[in-house]
Amino acid sequence: MQNNVLILDFGSQYTQLIARRVRELNIYCEIHPYNNLPENVSDFKAVILSGSPFSVRSEDAPHPDLSEIRGKKPLLAVCYGAQYLAHFSGGEVAPSNTREYGRANLSFVQEGEVFFESIGKGSQVWMSHSDTIKKLPTGGVRLASTGDVENAAYKIENEDTYAIQFHPEVYHSTDGKQLLDNFLIKIAGVQPDWTPDSFVDTTVAELKEKIGDDKVVLGLSGGVDSTVAAVLLHKAIGENLHCIFVNNGLLRKNEFSDVLKQYEGMGLNVKGVDASARFLDALAGESDPEGKRKIIGKIFIEVFDDESHKIDDAKWLGQGTIYPDVIESISVNGPSATIKSHHNVGGLPDFMKLKVVEPLRMLFKDEVRRVGASMGIDPELLGRHPFPGPGLAIRILGDITADKVAILQEVDAIFINGLKEDGLYDKVWQAGAILLPVQSVGVMGDERTYENCVALRAVESTDGMTADWVNLPYEFLQKTSNAIINRVKGVNRVVYDISSKPPATIEWE
Ligand code: XMP
């Protein structure tokens, strides 16, 4: 068993951040909901209890049995976790009467404690709680305080059990990473040996073992996740991996042929299927955004099903699922309504009856990129902006025609290539163009025109949940607008979208 840390999730909004910080220390960790402990708890080297929106005093709050963990493994309890240990072990937790939210500074730190090594008085920590620990549990020894919170950190005598009221995983806790390092490496003795290279080695070995001589089908999208998943599988099973790359007619200009060539250059066994006409026919006359998404999803499944039947004896379906999707589906609150479903009126398509293999299911997006880089995947491919599955269909407002797709592809190509040429592409998280259902008057030469308007959108973001528009240089916007209007027939007006998310979204539909 590798050096592995278990994070027990009590439903805090910060639980994923704990995992990210631990992984930044090159230590592998897994999040499991408190009410569904993994069977191999004894294999984990250390355990972290997360925060929670609940009060320990409330009856419906998480109150798991920790008898297999506490005193048996190094344990770090964060926020709710710290209160939970106190509440059920002879301490006292009560509503706090002072403000305990936001930045605070440690006013006392117990000297000589490895837990606080290299962290001194004055260190900034981030608090977010409404209960406070009035009395420490039996055997509790105070290790730190802030101006408002007397028991900001404690340990239990004769155990490797530590508890903190603040959140080390939040960047505003300036020594948070040091504290996790002190606990995990110095106290718990976990080795920081989890790197992209070691991930590739262990994953390829596991995939070989699991899949043997079976065949795997995988749908490539041109994006980072499916590509990295394919390269890992290819390393493990070679030609037994059969990739399918579908052109839905809504990709960027030349993307289908360019990306297909790139995949072939990487040695992948890939079949390009041009189903543009089938998608465009099915979309004809549909202008409702959700209607378009449903049609595209349905046709994709049909095309993929047809193609996977052509591969004899495929036993597995490879997918580029990543950790945030997995966490969402096993969350404390149960699978949420946002999980993508593949319900089809006539029952499940045949390919969905295959066994599923998801080599990236334990990785965050930035880790997927690092793993891709360590396998030598082209940095340009790894740095590609996100692109929605329904493609240009949700950037053509209203109904879709082949002509509109062609116009938008030209506009988008000028914009995206311009960003690349001017060294702006990597400063932007996502960019694209939108074809508006608006015609406006213009003049070209001596003639009046009545043509289309396009909007350009470029945002910065970390995960797409929130986003802000990018302050692109005026000179760049000017040059791009001129190029679009001069070169793309049918467009006589260009606007730049200066809305943030929220309240706007990144896409217009
Ligand atoms: P919004 O528009 O919701 O977009 O702010 C957030 C991120 O999600 C992408 N997006 C989609 N991706 N299918 C996808 O695969 C969709 O239907 C879809 N809608 C939005 C969007 O491009 C952005 O990265």
# chains A, B, ... in the order shown; residues from 1 in each chain; ligands from 1
$ closest_atom_pairs --of "chain A" --to "ligand 1" --cutoff "8 Å" --atoms "only C-alpha atoms and all ligand atoms" --output "JSON lines"
{"residue": "A:Arg293", "atom": "CA", "partner": "ligand 1", "partner_atom_place_in_ligand_line": "17 (O)", "distance": 6.1}
{"residue": "A:Pro386", "atom": "CA", "partner": "ligand 1", "partner_atom_place_in_ligand_line": "24 (O)", "distance": 5.4}
{"residue": "A:Phe387", "atom": "CA", "partner": "ligand 1", "partner_atom_place_in_ligand_line": "22 (O)", "distance": 5.2}
{"residue": "A:Pro388", "atom": "CA", "partner": "ligand 1", "partner_atom_place_in_ligand_line": "12 (N)", "distance": 3.6}
{"residue": "A:Gly389", "atom": "CA", "partner": "ligand 1", "partner_atom_place_in_ligand_line": "15 (O)", "distance": 3.7}
{"residue": "A:Pro390", "atom": "CA", "partner": "ligand 1", "partner_atom_place_in_ligand_line": "13 (N)", "distance": 5.6}
{"residue": "A:Gly391", "atom": "CA", "partner": "ligand 1", "partner_atom_place_in_ligand_line": "13 (N)", "distance": 7.8}
{"residue": "A:Ile394", "atom": "CA", "partner": "ligand 1", "partner_atom_place_in_ligand_line": "19 (N)", "distance": 7.6}
{"residue": "A:Gln430", "atom": "CA", "partner": "ligand 1", "partner_atom_place_in_ligand_line": "24 (O)", "distance": 6.8}
{"residue": "A:Asp463", "atom": "CA", "partner": "ligand 1", "partner_atom_place_in_ligand_line": "7 (C)", "distance": 8.0}
{"residue": "A:Gly464", "atom": "CA", "partner": "ligand 1", "partner_atom_place_in_ligand_line": "6 (C)", "distance": 4.8}
{"residue": "A:Met465", "atom": "CA", "partner": "ligand 1", "partner_atom_place_in_ligand_line": "6 (C)", "distance": 6.3}
{"residue": "A:Thr466", "atom": "CA", "partner": "ligand 1", "partner_atom_place_in_ligand_line": "5 (O)", "distance": 7.4}
{"residue": "A:Ala467", "atom": "CA", "partner": "ligand 1", "partner_atom_place_in_ligand_line": "5 (O)", "distance": 7.7}
{"residue": "A:Lys501", "atom": "CA", "partner": "ligand 1", "partner_atom_place_in_ligand_line": "5 (O)", "distance": 6.6}
{"residue": "A:Ala504", "atom": "CA", "partner": "ligand 1", "partner_atom_place_in_ligand_line": "5 (O)", "distance": 7.3}
{"residue": "A:Thr505", "atom": "CA", "partner": "ligand 1", "partner_atom_place_in_ligand_line": "5 (O)", "distance": 3.7}
{"residue": "A:Ile506", "atom": "CA", "partner": "ligand 1", "partner_atom_place_in_ligand_line": "5 (O)", "distance": 3.7}
{"residue": "A:Glu507", "atom": "CA", "partner": "ligand 1", "partner_atom_place_in_ligand_line": "2 (O)", "distance": 3.6}
{"residue": "A:Trp508", "atom": "CA", "partner": "ligand 1", "partner_atom_place_in_ligand_line": "2 (O)", "distance": 6.4}
{"residue": "A:Glu509", "atom": "CA", "partner": "ligand 1", "partner_atom_place_in_ligand_line": "2 (O)", "distance": 6.8}
$ residues_around --residues "Ser173 of chain A" --least-positions-apart "4" --cutoff "6 Å" --atoms "only C-alpha atoms" --output "list in words"
Gln124, Val125, Trp126 and Pro168 of chain A
$ select_by_dssp --residues "segment 106-296 of chain A" --states "strand (DSSP E or B)" --output "PyMOL selection string"
chain A and resi 106-109+124-128+131-135+140-146+153-156+161-164+215-220+241-247+270-274
$ select_by_dssp --residues "segment 110-319 of chain A" --states "helix (DSSP H, G or I)" --output "MDAnalysis selection string"
chainID A and resid 114:116 176:187 196:211 224:240 255:265 276:283 289:309
$ residues_around --residues "Gly285 of chain A" --least-positions-apart "6" --cutoff "10 Å" --atoms "only C-alpha atoms" --output "ChimeraX atom specification"
/A:292,398-401
$ write_last_selection --atoms "N, CA, C and O atoms" --output "JSON list (two decimals), in the first residue's frame"
[["chain", "number", "residue", "atom", "x", "y", "z"],
["A", 292, "LYS", "N", -30.99, 21.75, -27.90],
["A", 292, "LYS", "CA", -29.78, 21.49, -28.69],
["A", 292, "LYS", "C", -28.87, 20.51, -27.95],
["A", 292, "LYS", "O", -28.36, 19.56, -28.53],
["A", 398, "GLY", "N", -29.85, 30.78, -31.09],
["A", 398, "GLY", "CA", -30.93, 30.50, -32.03],
["A", 398, "GLY", "C", -30.63, 29.23, -32.80],
["A", 398, "GLY", "O", -29.83, 28.40, -32.36],
["A", 399, "ASP", "N", -31.27, 29.08, -33.97],
["A", 399, "ASP", "CA", -31.12, 27.80, -34.68],
["A", 399, "ASP", "C", -29.77, 27.72, -35.40],
["A", 399, "ASP", "O", -29.09, 28.73, -35.60],
["A", 400, "ILE", "N", -29.41, 26.49, -35.77],
["A", 400, "ILE", "CA", -28.07, 26.24, -36.30],
["A", 400, "ILE", "C", -28.15, 25.82, -37.76],
["A", 400, "ILE", "O", -28.95, 24.96, -38.12],
["A", 401, "THR", "N", -27.30, 26.44, -38.58],
["A", 401, "THR", "CA", -27.20, 26.00, -39.97],
["A", 401, "THR", "C", -25.71, 25.85, -40.29],
["A", 401, "THR", "O", -24.86, 26.39, -39.58]]
$ residues_around --residues "Thr202 of chain A" --least-positions-apart "6" --cutoff "12 Å" --atoms "only C-alpha atoms" --output "ChimeraX atom specification"
/A:1-2,194-196,208-209,232,235-236,359
$ write_last_selection --atoms "C-alpha atoms" --output "PDB file, in the first residue's frame"
ATOM      1  CA  MET A   1       0.000   0.000   0.000  1.00  0.00           C
ATOM      2  CA  GLN A   2       1.353   3.406  -0.903  1.00  0.00           C
ATOM      3  CA  TRP A 194       3.606  10.688  -4.819  1.00  0.00           C
ATOM      4  CA  THR A 195       4.678  12.357  -8.082  1.00  0.00           C
ATOM      5  CA  PRO A 196       3.316  12.344 -11.641  1.00  0.00           C
ATOM      6  CA  LYS A 208      -2.302  -4.027 -17.155  1.00  0.00           C
ATOM      7  CA  GLU A 209      -3.345  -6.234 -14.288  1.00  0.00           C
ATOM      8  CA  LEU A 232      -2.134   6.087 -20.012  1.00  0.00           C
ATOM      9  CA  LYS A 235       0.962   2.656 -22.361  1.00  0.00           C
ATOM     10  CA  ALA A 236      -0.716  -0.195 -20.507  1.00  0.00           C
ATOM     11  CA  PRO A 359      -7.537   5.955 -14.905  1.00  0.00           C
TER      12      PRO A 359
END
$ atom_distance --atom1 "atom CA of Tyr14 of chain A" --atom2 "atom CA of His172 of chain A"
12.6 Å
$ closest_residue --among "A:Asn105, A:Ser42, A:Arg70, A:Val224" --to "Glu159 of chain A" --atoms "only C-alpha atoms"
A:Arg70
$ closest_residue --among "A:Leu136, A:Leu184, A:Ala413, A:Leu250" --to "Tyr84 of chain A" --atoms "only C-alpha atoms"
A:Leu136
$ closest_residue --among "A:Gly272, A:Ala46, A:Val170, A:Ala163" --to "Lys186 of chain A" --atoms "only C-alpha atoms"
A:Ala46
$ atom_distance --atom1 "atom CA of Leu408 of chain A" --atom2 "atom CA of Pro379 of chain A"
26.3 Å
$ residues_around --residues "Ile416 of chain A" --least-positions-apart "3" --cutoff "8 Å" --atoms "only C-alpha atoms" --output "list of chain:residue names"
A:Asp412, A:Ala413, A:Leu419, A:Lys420, A:Tyr425, A:Ala431, A:Gly432
$ residues_around --residues "Ala282 of chain A" --least-positions-apart "2" --cutoff "12 Å" --atoms "only C-alpha atoms" --output "VMD selection string"
chain A and resid 248 to 249 275 to 280 284 to 287 291 to 300 399 to 401
$ write_last_selection --atoms "N, CA, C and O atoms" --output "short mmCIF file (atom, residue, chain, number, x, y, z; two decimals), in the first residue's frame"
data_model
loop_
_atom_site.label_atom_id
_atom_site.label_comp_id
_atom_site.auth_asym_id
_atom_site.auth_seq_id
_atom_site.Cartn_x
_atom_site.Cartn_y
_atom_site.Cartn_z
N ASN A 248 -18.68 16.26 -34.63
CA ASN A 248 -20.12 16.56 -34.56
C ASN A 248 -20.45 17.78 -35.42
O ASN A 248 -21.56 18.30 -35.36
N GLY A 249 -19.46 18.26 -36.18
CA GLY A 249 -19.71 19.40 -37.07
C GLY A 249 -19.75 20.71 -36.31
O GLY A 249 -20.03 21.76 -36.89
N ALA A 275 -19.40 12.70 -38.39
CA ALA A 275 -20.87 12.58 -38.35
C ALA A 275 -21.51 13.96 -38.40
O ALA A 275 -22.65 14.14 -37.96
N SER A 276 -20.79 14.93 -38.97
CA SER A 276 -21.28 16.32 -38.99
C SER A 276 -22.70 16.41 -39.54
O SER A 276 -23.57 17.06 -38.95
N ALA A 277 -22.92 15.76 -40.69
CA ALA A 277 -24.22 15.90 -41.35
C ALA A 277 -25.33 15.36 -40.46
O ALA A 277 -26.40 15.97 -40.35
N ARG A 278 -25.05 14.24 -39.81
CA ARG A 278 -26.07 13.63 -38.95
C ARG A 278 -26.45 14.58 -37.79
O ARG A 278 -27.62 14.73 -37.45
N PHE A 279 -25.46 15.23 -37.21
CA PHE A 279 -25.73 16.17 -36.12
C PHE A 279 -26.49 17.40 -36.64
O PHE A 279 -27.48 17.81 -36.05
N LEU A 280 -26.00 17.95 -37.75
CA LEU A 280 -26.63 19.18 -38.26
C LEU A 280 -28.06 18.92 -38.71
O LEU A 280 -28.95 19.75 -38.48
N ALA A 284 -31.52 20.78 -37.06
CA ALA A 284 -32.21 21.76 -37.91
C ALA A 284 -33.48 22.28 -37.24
O ALA A 284 -34.31 21.50 -36.77
N GLY A 285 -33.60 23.59 -37.15
CA GLY A 285 -34.81 24.22 -36.63
C GLY A 285 -34.88 24.30 -35.10
O GLY A 285 -35.78 24.93 -34.56
N GLU A 286 -33.92 23.69 -34.40
CA GLU A 286 -33.98 23.72 -32.92
C GLU A 286 -33.27 24.98 -32.40
O GLU A 286 -32.10 25.20 -32.70
N SER A 287 -33.96 25.80 -31.64
CA SER A 287 -33.25 26.98 -31.11
C SER A 287 -33.20 27.01 -29.59
O SER A 287 -32.54 27.86 -29.01
N GLY A 291 -32.66 21.99 -25.67
CA GLY A 291 -33.05 21.11 -26.77
C GLY A 291 -31.83 20.74 -27.60
O GLY A 291 -31.62 19.58 -27.96
N LYS A 292 -30.99 21.75 -27.90
CA LYS A 292 -29.78 21.49 -28.69
C LYS A 292 -28.87 20.51 -27.95
O LYS A 292 -28.36 19.56 -28.53
N ARG A 293 -28.68 20.77 -26.64
CA ARG A 293 -27.80 19.88 -25.87
C ARG A 293 -28.32 18.45 -25.90
O ARG A 293 -27.56 17.49 -26.04
N LYS A 294 -29.63 18.29 -25.75
CA LYS A 294 -30.21 16.93 -25.71
C LYS A 294 -30.00 16.22 -27.04
O LYS A 294 -29.63 15.05 -27.08
N ILE A 295 -30.24 16.95 -28.13
CA ILE A 295 -30.08 16.33 -29.46
C ILE A 295 -28.63 15.89 -29.64
O ILE A 295 -28.33 14.77 -30.07
N ILE A 296 -27.71 16.78 -29.29
CA ILE A 296 -26.29 16.45 -29.49
C ILE A 296 -25.89 15.24 -28.65
O ILE A 296 -25.21 14.33 -29.12
N GLY A 297 -26.36 15.21 -27.39
CA GLY A 297 -26.07 14.07 -26.51
C GLY A 297 -26.61 12.77 -27.10
O GLY A 297 -25.93 11.74 -27.11
N LYS A 298 -27.82 12.84 -27.61
CA LYS A 298 -28.48 11.63 -28.14
C LYS A 298 -27.75 11.11 -29.38
O LYS A 298 -27.44 9.93 -29.49
N ILE A 299 -27.45 12.04 -30.30
CA ILE A 299 -26.78 11.59 -31.53
C ILE A 299 -25.38 11.06 -31.21
O ILE A 299 -24.92 10.07 -31.77
N PHE A 300 -24.71 11.70 -30.25
CA PHE A 300 -23.37 11.23 -29.90
C PHE A 300 -23.44 9.78 -29.43
O PHE A 300 -22.65 8.93 -29.85
N ASP A 399 -31.27 29.08 -33.97
CA ASP A 399 -31.12 27.80 -34.68
C ASP A 399 -29.77 27.72 -35.40
O ASP A 399 -29.09 28.73 -35.60
N ILE A 400 -29.41 26.49 -35.77
CA ILE A 400 -28.07 26.24 -36.30
C ILE A 400 -28.15 25.82 -37.76
O ILE A 400 -28.95 24.96 -38.12
N THR A 401 -27.30 26.44 -38.58
CA THR A 401 -27.20 26.00 -39.97
C THR A 401 -25.71 25.85 -40.29
O THR A 401 -24.86 26.39 -39.58
#
$ atom_distance --atom1 "atom CA of Leu283 of chain A" --atom2 "atom CA of Lys489 of chain A"
23.6 Å
$ closest_residue --among "A:Gln110, A:Asn492, A:Thr146, A:Ser499" --to "Asn471 of chain A" --atoms "only C-alpha atoms"
A:Ser499
$ residues_around --residues "Glu111 of chain A" --least-positions-apart "6" --cutoff "9 Å" --atoms "only C-alpha atoms" --output "MDAnalysis selection string"
chainID A and resid 117 120 143
$ write_last_selection --atoms "all heavy atoms" --output "short mmCIF file (atom, residue, chain, number, x, y, z; two decimals), in the first residue's frame"
data_model
loop_
_atom_site.label_atom_id
_atom_site.label_comp_id
_atom_site.auth_asym_id
_atom_site.auth_seq_id
_atom_site.Cartn_x
_atom_site.Cartn_y
_atom_site.Cartn_z
N GLU A 117 6.37 23.37 14.36
CA GLU A 117 7.74 23.68 13.95
C GLU A 117 7.73 24.70 12.80
O GLU A 117 6.96 24.56 11.85
CB GLU A 117 8.44 22.39 13.50
CG GLU A 117 9.95 22.47 13.61
CD GLU A 117 10.57 21.11 13.33
OE1 GLU A 117 10.50 20.23 14.21
OE2 GLU A 117 11.09 20.93 12.21
N GLY A 120 5.35 30.43 14.09
CA GLY A 120 5.50 31.15 15.36
C GLY A 120 4.29 31.97 15.72
O GLY A 120 3.28 32.02 14.99
N LEU A 143 -2.27 23.95 22.45
CA LEU A 143 -1.04 24.20 21.70
C LEU A 143 -1.00 25.60 21.10
O LEU A 143 0.07 26.11 20.77
CB LEU A 143 -0.87 23.19 20.56
CG LEU A 143 -0.70 21.71 20.96
CD1 LEU A 143 -0.44 20.87 19.72
CD2 LEU A 143 0.45 21.54 21.95
#
$ closest_atom_pairs --of "segment 84-145 of chain A" --to "segment 59-69 of chain A" --cutoff "12 Å" --atoms "only C-alpha atoms" --output "CSV"
residue,atom,partner,partner_atom,distance
A:Tyr84,CA,A:His63,CA,7.7
A:Leu85,CA,A:Leu66,CA,9.5
A:His87,CA,A:His63,CA,10.3
A:Phe88,CA,A:His63,CA,9.1
A:Ser89,CA,A:Leu66,CA,11.7
